[in-house]
Amino acid sequence: MQDLRTFLDDVQEDVLHIRKEVDPLTQMGALCSESERPLLFENVKGYPDWKVCDRIISTRKLQGAALRVKPEHVMAETAKRLSRGPGEVRTA
């Protein structure tokens with residue numbers, strides 16, 4: 001299983017980095033709803049040193065990258081994993 005940082009590194013060419021300050025209450029939602037690409041907000045107003053990502057699995061290509069399968073195998077892989085039942089729960 002890969003972590004979020006590894007996934008974002010793997011799909012780096014698809015990620016749009018937002019470096020300007022963005023207000024999470026008044027701007028972030030609108031930007032996410034308008035984007036077709038994954039977004040990585042690197043300057044979140046009121047939350048120094050935080051980063052926020054959204055739309056990270058918005059396409060079949062990105063879903064495939066997350067599951068580590070070809071895009072055309074996403075549905076079959078999802079069905080296979082769901083048929084196994086709940087996985088291991090990890091806490092921070």
# chains A, B, ... in the order shown; residues from 1 in each chain; ligands from 1
>>> residues_around(residues="Leu67 of chain A", least_positions_apart="6", cutoff="12 Å", atoms="only C-alpha atoms", output="list in words")
Met1, Gln2, Asp3, Leu4, Phe7, Asp10, Ile57, Arg60, Lys61, His73, Val74, Met75, Ala76, Glu77, Thr78, Ala79, Lys80 and Arg81 of chain A
>>> select_by_dssp(residues="chain A", states="helix (DSSP H, G or I)", output="MDAnalysis selection string")
chainID A and resid 4:10 12:14 28:34 60:67 71:83
>>> residues_around(residues="segment 20-35 of chain A", least_positions_apart="2", cutoff="12 Å", atoms="only C-alpha atoms", output="ChimeraX atom specification")
/A:14-18,37-56,58-59
>>> write_last_selection(atoms="C-alpha atoms", output="mmCIF file, in the first residue's frame")
data_model
loop_
_atom_site.group_PDB
_atom_site.id
_atom_site.type_symbol
_atom_site.label_atom_id
_atom_site.label_comp_id
_atom_site.auth_asym_id
_atom_site.auth_seq_id
_atom_site.Cartn_x
_atom_site.Cartn_y
_atom_site.Cartn_z
ATOM 1 C CA ASP A 14 -0.917 15.915 -13.309
ATOM 2 C CA VAL A 15 -0.907 17.943 -10.073
ATOM 3 C CA LEU A 16 -1.505 21.692 -10.194
ATOM 4 C CA HIS A 17 0.421 23.390 -7.368
ATOM 5 C CA ILE A 18 -1.280 26.469 -5.912
ATOM 6 C CA ARG A 37 -6.853 18.382 -12.330
ATOM 7 C CA PRO A 38 -5.625 17.379 -8.881
ATOM 8 C CA LEU A 39 -4.792 20.434 -6.790
ATOM 9 C CA LEU A 40 -2.179 20.858 -4.090
ATOM 10 C CA PHE A 41 -2.651 24.007 -2.021
ATOM 11 C CA GLU A 42 0.689 24.923 -0.500
ATOM 12 C CA ASN A 43 -0.270 28.134 1.338
ATOM 13 C CA VAL A 44 -3.515 27.719 3.305
ATOM 14 C CA LYS A 45 -4.639 30.899 5.062
ATOM 15 C CA GLY A 46 -4.666 30.449 8.827
ATOM 16 C CA TYR A 47 -2.873 27.100 8.673
ATOM 17 C CA PRO A 48 0.878 27.685 8.386
ATOM 18 C CA ASP A 49 2.885 24.693 7.194
ATOM 19 C CA TRP A 50 -0.262 22.837 6.075
ATOM 20 C CA LYS A 51 -0.861 21.522 2.589
ATOM 21 C CA VAL A 52 -4.249 20.445 1.254
ATOM 22 C CA CYS A 53 -4.898 18.298 -1.796
ATOM 23 C CA ASP A 54 -8.160 17.643 -3.625
ATOM 24 C CA ARG A 55 -9.414 15.952 -6.792
ATOM 25 C CA ILE A 56 -6.580 13.439 -6.538
ATOM 26 C CA SER A 58 -10.796 12.543 -10.404
ATOM 27 C CA THR A 59 -9.880 10.587 -13.542
#
>>> atom_distance(atom1="atom CA of Thr6 of chain A", atom2="atom CA of Val69 of chain A")
15.3 Å
>>> select_by_dssp(residues="chain A", states="strand (DSSP E)", output="number ranges by chain")
A: 16-18, 39-41, 52-54
>>> atom_distance(atom1="atom CA of Glu88 of chain A", atom2="atom CA of Leu8 of chain A")
22.5 Å
>>> atom_distance(atom1="atom CA of Gly64 of chain A", atom2="atom CA of Arg90 of chain A")
22.6 Å
